>>> print(open('entry.txt').read())   # compact mmCIF, C-alpha atoms (C1' of nucleotides)
# COMPACT_ATOMS: atom_id res chain seq x y z
CA MET E 25 65.48 49.18 -10.35
CA THR E 26 65.46 50.72 -6.93
CA TYR E 27 63.57 48.06 -5.09
CA GLN E 28 62.27 48.54 -1.60
CA ASN E 29 61.25 52.15 -1.48
CA THR E 30 58.99 53.13 1.41
CA GLN E 31 57.14 55.72 -0.61
CA GLU E 32 56.41 53.27 -3.42
CA ILE E 33 55.27 50.59 -1.00
CA LEU E 34 52.87 52.94 0.76
CA THR E 35 51.59 54.24 -2.57
CA ALA E 36 51.04 50.68 -3.73
CA LEU E 37 49.14 49.66 -0.62
CA VAL E 38 47.02 52.74 0.00
CA ASP E 39 44.55 52.07 -2.79
CA PRO E 40 41.89 49.63 -1.52
CA THR E 41 41.42 47.93 -4.86
CA ARG E 42 45.13 47.44 -5.34
CA ARG E 43 45.59 46.27 -1.76
CA ASP E 44 42.84 43.75 -2.33
CA ILE E 45 44.62 42.49 -5.43
CA PHE E 46 47.85 42.26 -3.47
CA GLU E 47 46.12 40.26 -0.76
CA SER E 48 44.63 37.91 -3.32
CA LEU E 49 48.09 37.00 -4.57
CA GLY E 50 49.80 33.94 -3.19
CA PRO E 51 52.97 31.94 -3.63
CA GLU E 52 51.54 30.26 -6.72
CA ALA E 53 51.53 32.58 -9.71
CA ARG E 54 48.18 33.47 -11.25
CA ALA E 55 47.24 34.93 -14.62
CA VAL E 56 45.98 38.48 -15.03
CA SER E 57 42.61 37.45 -16.42
CA ASP E 58 42.23 35.05 -13.55
CA LEU E 59 42.93 37.81 -11.07
CA ALA E 60 40.54 40.15 -12.87
CA LYS E 61 37.73 37.60 -12.74
CA GLY E 62 35.09 38.46 -10.18
CA ARG E 63 36.26 42.04 -9.76
CA PRO E 64 34.15 45.09 -10.54
CA ILE E 65 36.93 46.64 -12.61
CA SER E 66 38.29 45.92 -16.08
CA ARG E 67 41.25 43.69 -16.90
CA PRO E 68 43.46 46.62 -17.98
CA ALA E 69 42.82 48.23 -14.62
CA VAL E 70 44.01 45.08 -12.89
CA SER E 71 47.03 45.00 -15.18
CA GLN E 72 47.89 48.56 -14.22
CA HIS E 73 47.59 47.75 -10.53
CA LEU E 74 49.85 44.73 -10.93
CA LYS E 75 52.47 46.90 -12.58
CA VAL E 76 52.46 49.26 -9.63
CA LEU E 77 52.73 46.34 -7.21
CA GLU E 78 55.61 44.85 -9.16
CA ASP E 79 57.48 48.16 -9.39
CA ALA E 80 57.12 48.49 -5.63
CA GLY E 81 58.60 45.03 -5.16
CA LEU E 82 55.36 43.58 -3.79
CA ALA E 83 54.78 41.21 -6.69
CA ARG E 84 56.76 39.36 -9.30
CA SER E 85 55.72 38.21 -12.73
CA GLU E 86 56.71 35.37 -14.99
CA ARG E 87 55.59 35.01 -18.57
CA ARG E 88 54.33 31.68 -19.75
CA GLY E 89 53.26 31.79 -23.37
CA THR E 90 50.90 34.67 -23.86
CA ARG E 91 50.03 34.63 -20.21
CA ASN E 92 51.63 36.74 -17.53
CA LEU E 93 51.56 35.15 -14.11
CA TYR E 94 51.82 37.21 -10.94
CA ALA E 95 52.72 36.08 -7.45
CA MET E 96 53.05 37.84 -4.13
CA ARG E 97 56.44 38.98 -2.95
CA PRO E 98 56.07 39.38 0.81
CA GLU E 99 59.75 40.31 1.19
CA GLY E 100 58.74 43.55 -0.49
CA LEU E 101 57.06 44.56 2.74
CA ALA E 102 60.36 44.43 4.61
CA GLU E 103 61.33 48.06 4.20
CA LEU E 104 57.96 49.33 5.35
CA ARG E 105 58.12 47.05 8.35
CA THR E 106 61.56 48.36 9.18
CA TYR E 107 60.25 51.88 8.82
CA LEU E 108 57.51 51.20 11.35
CA ASP E 109 59.85 49.41 13.73
CA ARG E 110 62.05 52.47 13.76
CA PHE E 111 59.28 54.36 15.52
CA TRP E 112 58.43 51.54 17.83
CA SER E 113 61.93 51.35 19.24
CA ASP E 114 62.94 54.97 18.77
CA VAL E 115 59.95 56.65 20.18
CA LEU E 116 59.06 54.16 22.85
CA ALA E 117 62.58 54.42 24.18
CA SER E 118 62.33 58.17 23.94
CA TYR E 119 59.04 58.02 25.76
CA ALA E 120 60.54 56.12 28.65
CA GLU E 121 63.31 58.68 28.88
CA GLU E 122 60.88 61.60 28.82
CA VAL E 123 58.68 60.06 31.46
CA SER E 124 61.52 59.55 33.86
CA LYS E 125 62.77 63.07 33.13
CA GLN E 126 59.41 64.69 33.70
CA GLN E 127 58.51 62.90 36.87
CA GLY E 128 56.84 65.38 39.17
CA GLN E 129 57.50 68.30 36.80
CA THR E 130 55.85 70.33 34.10
CA HIS E 131 57.96 72.27 31.66
CA ASP E 132 57.19 74.45 28.71
CA ASN E 133 59.19 76.16 26.05
CA ASP E 134 59.17 79.88 25.18
CA MET S 11 36.13 57.78 16.83
CA THR S 12 37.09 54.60 15.06
CA TYR S 13 40.71 54.49 15.98
CA GLN S 14 43.17 52.13 14.34
CA ASN S 15 41.97 51.76 10.81
CA THR S 16 44.48 50.38 8.34
CA GLN S 17 43.12 52.41 5.47
CA GLU S 18 43.31 55.65 7.43
CA ILE S 19 46.83 54.90 8.63
CA LEU S 20 48.06 54.21 5.11
CA THR S 21 46.31 57.31 3.80
CA ALA S 22 47.90 59.37 6.54
CA LEU S 23 51.41 58.07 5.86
CA VAL S 24 51.45 58.00 2.08
CA ASP S 25 51.77 61.74 1.61
CA PRO S 26 55.47 62.66 1.90
CA THR S 27 54.80 66.04 3.48
CA ARG S 28 52.46 64.56 6.05
CA ARG S 29 54.83 61.68 6.75
CA ASP S 30 57.59 64.19 7.31
CA ILE S 31 55.41 66.05 9.78
CA PHE S 32 54.60 62.79 11.52
CA GLU S 33 58.29 61.97 11.79
CA SER S 34 59.04 65.40 13.20
CA LEU S 35 56.66 64.79 16.07
CA GLY S 36 58.02 63.45 19.32
CA PRO S 37 56.86 62.58 22.80
CA GLU S 38 56.95 66.25 23.77
CA ALA S 39 54.01 68.17 22.34
CA ARG S 40 54.80 71.00 19.91
CA ALA S 41 52.71 73.91 18.69
CA VAL S 42 51.35 74.09 15.14
CA SER S 43 53.25 77.27 14.27
CA ASP S 44 56.39 75.67 15.57
CA LEU S 45 55.84 72.63 13.38
CA ALA S 46 55.07 74.83 10.39
CA LYS S 47 58.28 76.80 10.81
CA GLY S 48 60.92 75.95 8.24
CA ARG S 49 58.49 74.13 5.96
CA PRO S 50 57.70 75.19 2.41
CA ILE S 51 53.96 75.02 3.04
CA SER S 52 51.57 77.30 4.88
CA ARG S 53 50.46 76.91 8.49
CA PRO S 54 46.89 75.94 7.55
CA ALA S 55 48.29 73.16 5.40
CA VAL S 56 50.22 71.84 8.38
CA SER S 57 47.10 72.15 10.49
CA GLN S 58 45.16 70.08 7.96
CA HIS S 59 47.85 67.42 7.92
CA LEU S 60 47.84 67.23 11.70
CA LYS S 61 44.10 66.70 11.70
CA VAL S 62 44.48 63.75 9.34
CA LEU S 63 47.23 62.30 11.51
CA GLU S 64 45.13 62.72 14.63
CA ASP S 65 42.05 61.14 13.04
CA ALA S 66 44.19 58.18 12.04
CA GLY S 67 45.39 57.81 15.61
CA LEU S 68 48.97 58.75 14.77
CA ALA S 69 48.99 61.98 16.76
CA ARG S 70 47.29 63.49 19.77
CA SER S 71 46.65 67.12 20.60
CA GLU S 72 46.30 69.12 23.76
CA ARG S 73 45.24 72.73 23.91
CA ARG S 74 47.17 75.14 26.06
CA GLY S 75 45.78 78.62 25.83
CA THR S 76 45.47 79.59 22.20
CA ARG S 77 48.06 77.05 21.27
CA ASN S 78 47.37 73.54 20.12
CA LEU S 79 50.16 71.15 20.89
CA TYR S 80 50.65 67.95 18.93
CA ALA S 81 52.63 64.87 19.87
CA MET S 82 53.35 61.58 18.15
CA ARG S 83 51.25 58.56 19.00
CA PRO S 84 53.37 55.59 17.93
CA GLU S 85 50.77 53.12 19.21
CA GLY S 86 48.71 54.27 16.26
CA LEU S 87 51.04 52.30 14.03
CA ALA S 88 50.07 49.05 15.73
CA GLU S 89 47.30 48.03 13.38
CA LEU S 90 49.41 48.61 10.27
CA ARG S 91 52.21 46.60 11.83
CA THR S 92 49.79 43.78 12.57
CA TYR S 93 48.53 43.98 9.02
CA LEU S 94 52.05 43.54 7.67
CA ASP S 95 52.85 40.76 10.12
CA ARG S 96 49.85 38.88 8.84
CA PHE S 97 51.58 38.48 5.51
CA TRP S 98 54.91 37.68 7.03
CA SER S 99 53.56 34.74 8.96
CA ASP S 100 50.76 33.77 6.60
CA VAL S 101 52.60 33.82 3.37
CA LEU S 102 55.97 32.74 4.62
CA ALA S 103 54.35 29.71 6.20
CA SER S 104 52.56 29.12 2.95
CA TYR S 105 55.85 29.52 1.15
CA ALA S 106 57.48 26.91 3.32
CA GLU S 107 54.67 24.56 2.52
CA GLU S 108 55.06 25.19 -1.19
CA VAL S 109 58.81 24.73 -1.02
CA SER S 110 58.56 21.39 0.71
CA LYS S 111 55.92 20.39 -1.79
CA GLN S 112 58.13 21.34 -4.72
CA GLN S 113 61.32 19.77 -3.40
CA GLY S 114 63.53 18.37 -6.14
CA GLN S 115 62.78 21.26 -8.44
CA THR S 116 64.86 24.32 -9.17
CA HIS S 117 63.71 27.48 -7.54
CA ASP S 118 65.37 30.79 -8.24
CA ASN S 119 64.41 33.62 -5.98
CA ASP S 120 66.67 36.62 -5.54
C1' DA B 25 39.27 97.96 25.63
C1' DC B 26 42.39 97.30 21.93
C1' DT B 27 45.89 94.62 19.90
C1' DT B 28 48.51 90.67 19.04
C1' DA B 29 49.29 85.72 18.70
C1' DC B 30 47.63 81.27 17.54
C1' DC B 31 44.86 78.15 15.07
C1' DG B 32 40.88 75.85 12.82
C1' DT B 33 37.76 75.98 8.81
C1' DA B 34 35.61 77.46 4.37
C1' DA B 35 36.13 78.06 -0.45
C1' DG B 36 38.52 77.76 -4.60
C1' DT B 37 42.40 76.02 -7.65
C1' DT B 38 45.16 72.45 -9.53
C1' DA B 39 47.69 68.25 -10.05
C1' DT B 40 47.33 63.44 -9.90
C1' DG B 41 45.80 58.81 -10.16
C1' DA B 42 42.18 55.33 -10.83
C1' DC B 43 39.26 54.10 -14.06
C1' DT B 44 37.30 53.46 -19.01
C1' DT B 45 37.54 52.03 -24.17
C1' DA B 46 40.40 51.30 -28.09
C1' DC B 47 44.24 49.43 -30.00
C1' DC B 48 48.30 46.51 -30.90
C1' DA B 49 51.62 42.63 -30.28
C1' DA B 50 52.73 37.97 -29.48
C1' DA B 51 51.91 33.17 -28.61
C1' DA B 52 48.76 29.09 -29.06
C1' DC B 53 45.66 26.55 -31.81
C1' DA B 54 42.55 25.25 -35.70
C1' DT D 26 47.39 30.56 -42.84
C1' DG D 27 43.85 32.75 -40.10
C1' DT D 28 41.75 32.95 -35.56
C1' DT D 29 41.62 33.12 -30.72
C1' DT D 30 43.54 34.05 -26.33
C1' DT D 31 46.12 36.91 -23.35
C1' DG D 32 47.77 41.08 -21.78
C1' DG D 33 50.35 45.59 -21.99
C1' DT D 34 49.80 50.50 -23.33
C1' DA D 35 47.75 54.96 -25.09
C1' DA D 36 44.38 58.40 -24.55
C1' DG D 37 40.74 60.55 -22.35
C1' DT D 38 37.43 61.29 -18.27
C1' DC D 39 36.53 62.21 -13.59
C1' DA D 40 37.00 62.29 -8.68
C1' DT D 41 39.89 63.44 -4.99
C1' DA D 42 43.26 65.52 -2.10
C1' DA D 43 46.94 68.79 -1.28
C1' DC D 44 47.63 73.22 -1.47
C1' DT D 45 46.38 78.48 -1.35
C1' DT D 46 44.12 82.86 0.69
C1' DA D 47 40.53 84.71 3.53
C1' DC D 48 38.14 84.75 7.57
C1' DG D 49 36.49 84.08 12.39
C1' DG D 50 37.08 82.88 17.13
C1' DT D 51 39.51 82.59 21.43
C1' DA D 52 43.16 83.51 24.77
C1' DA D 53 47.01 86.39 26.25
C1' DG D 54 49.39 90.87 26.58
C1' DT D 55 49.33 95.99 26.90
>>> encode(input="entry.txt", output="structure tokens")
Amino acid sequence: MTYQNTQEILTALVDPTRRDIFESLGPEARAVSDLAKGRPISRPAVSQHLKVLEDAGLARSERRGTRNLYAMRPEGLAELRTYLDRFWSDVLASYAEEVSKQQGQTHDND
Amino acid sequence: MTYQNTQEILTALVDPTRRDIFESLGPEARAVSDLAKGRPISRPAVSQHLKVLEDAGLARSERRGTRNLYAMRPEGLAELRTYLDRFWSDVLASYAEEVSKQQGQTHDND
DNA sequence: ACTTACCGTAAGTTATGACTTACCAAAACA
DNA sequence: TGTTTTGGTAAGTCATAACTTACGGTAAGT
């Protein structure tokens, strides 16, 4: 299981329905039917979304009897956060460098 | 222009090709043809990707003659970062509360 | 003026993923 | 035992989005 893949995390979060399900998860595990209740989609659809979330590392499941309980796994967001931070530091530093380099000048390539 | 929408940012970043284009942008603006060079897709495809990135607030463009120059806009990542941070603080705090509530029990994460 | 370079957009194709219903397996309960 | 509850999976439908080629429009070069 290759946990913590940026592509998988983004794919998991980009769908509004699935993101909503993710947001509705908490530290206490909840059953699939419970999570499906009150939603405009079927229980199998919710089940499919939960599988995607789990594969992405954003949720974990524990079976209790016939029930399958899902909980949020916020640590799963770590890699995406790191990905974003890379640009914050990288590019903002690069920006500062560029600005000081370009002071009073215009340059173009070709 | 409704800048800074989480859905748009996620949509913009989830496509690997578009994310790669985003990552190839820097503080110095580059022309579309230049960005398309060396990629396995056509120039119009790159142009379409850049439009999505710009609409999401992740890139900015400036015209110079017939050329359209694109640069990264890292500030555009702010809202997504805030979105993620919400879960870090929210849920981790909630976790701490749960943990202290469940003290004396066995917990097995990771 | 003609030609070239650069780029956005329209239209059409195709792959993918988000749903549905139907089905099956396993555990709880009578 | 039979029945109910719970939930994963298979199969099929449908919408969308990532590409392609074709085209038009504008600025620069000759």
>>> interface_residues(input="entry.txt", of="chain B", to="chain E", cutoff="7 Å", atoms="only C-alpha atoms (C1' of nucleotides)", output="ChimeraX atom specification")
/B:43,50-51
>>> residues_around(input="entry.txt", residues="stretch 43-50 of chain S", least_positions_apart="4", cutoff="9 Å", atoms="only C-alpha atoms (C1' of nucleotides)", output="ChimeraX atom specification")
/S:31,34-35,54-57,77,80 /B:30-31
>>> atom_distance(input="entry.txt", atom1="atom CA of S:Ala81", atom2="atom CA of S:Pro26")
18.3 Å
>>> residues_around(input="entry.txt", residues="stretch 84-96 of chain S", least_positions_apart="6", cutoff="9 Å", atoms="all atoms listed in the file", output="list in words")
Pro98, Leu101, Ala102, Leu104, Arg105, Leu108, Asp109, Phe111, Trp112, Val115 and Leu116 of chain E; Tyr13, Gln14, Asn15, Thr16, Gln17, Ile19, Leu20, Ala66, Gly67, Leu68 and Ala69 of chain S
>>> closest_atom_pairs(input="entry.txt", of="chain D", to="chain E", cutoff="8 Å", atoms="all atoms listed in the file", output="Markdown table")
| residue | atom | partner | partner_atom | distance |
| --- | --- | --- | --- | --- |
| D:DT30 | C1' | E:Thr90 | CA | 7.8 |
| D:DT31 | C1' | E:Thr90 | CA | 5.3 |
| D:DG32 | C1' | E:Arg91 | CA | 7.0 |
| D:DG33 | C1' | E:Ser71 | CA | 7.6 |
>>> closest_residue(input="entry.txt", among="S:Leu23, S:Gly36, S:Arg28, S:Arg83", to="D:DA43", atoms="all atoms listed in the file")
S:Arg28
>>> atom_distance(input="entry.txt", atom1="atom CA of S:Ala39", atom2="atom CA of S:Leu79")
5.1 Å
>>> atom_distance(input="entry.txt", atom1="atom CA of S:Arg70", atom2="atom C1' of D:DA52")
21.0 Å
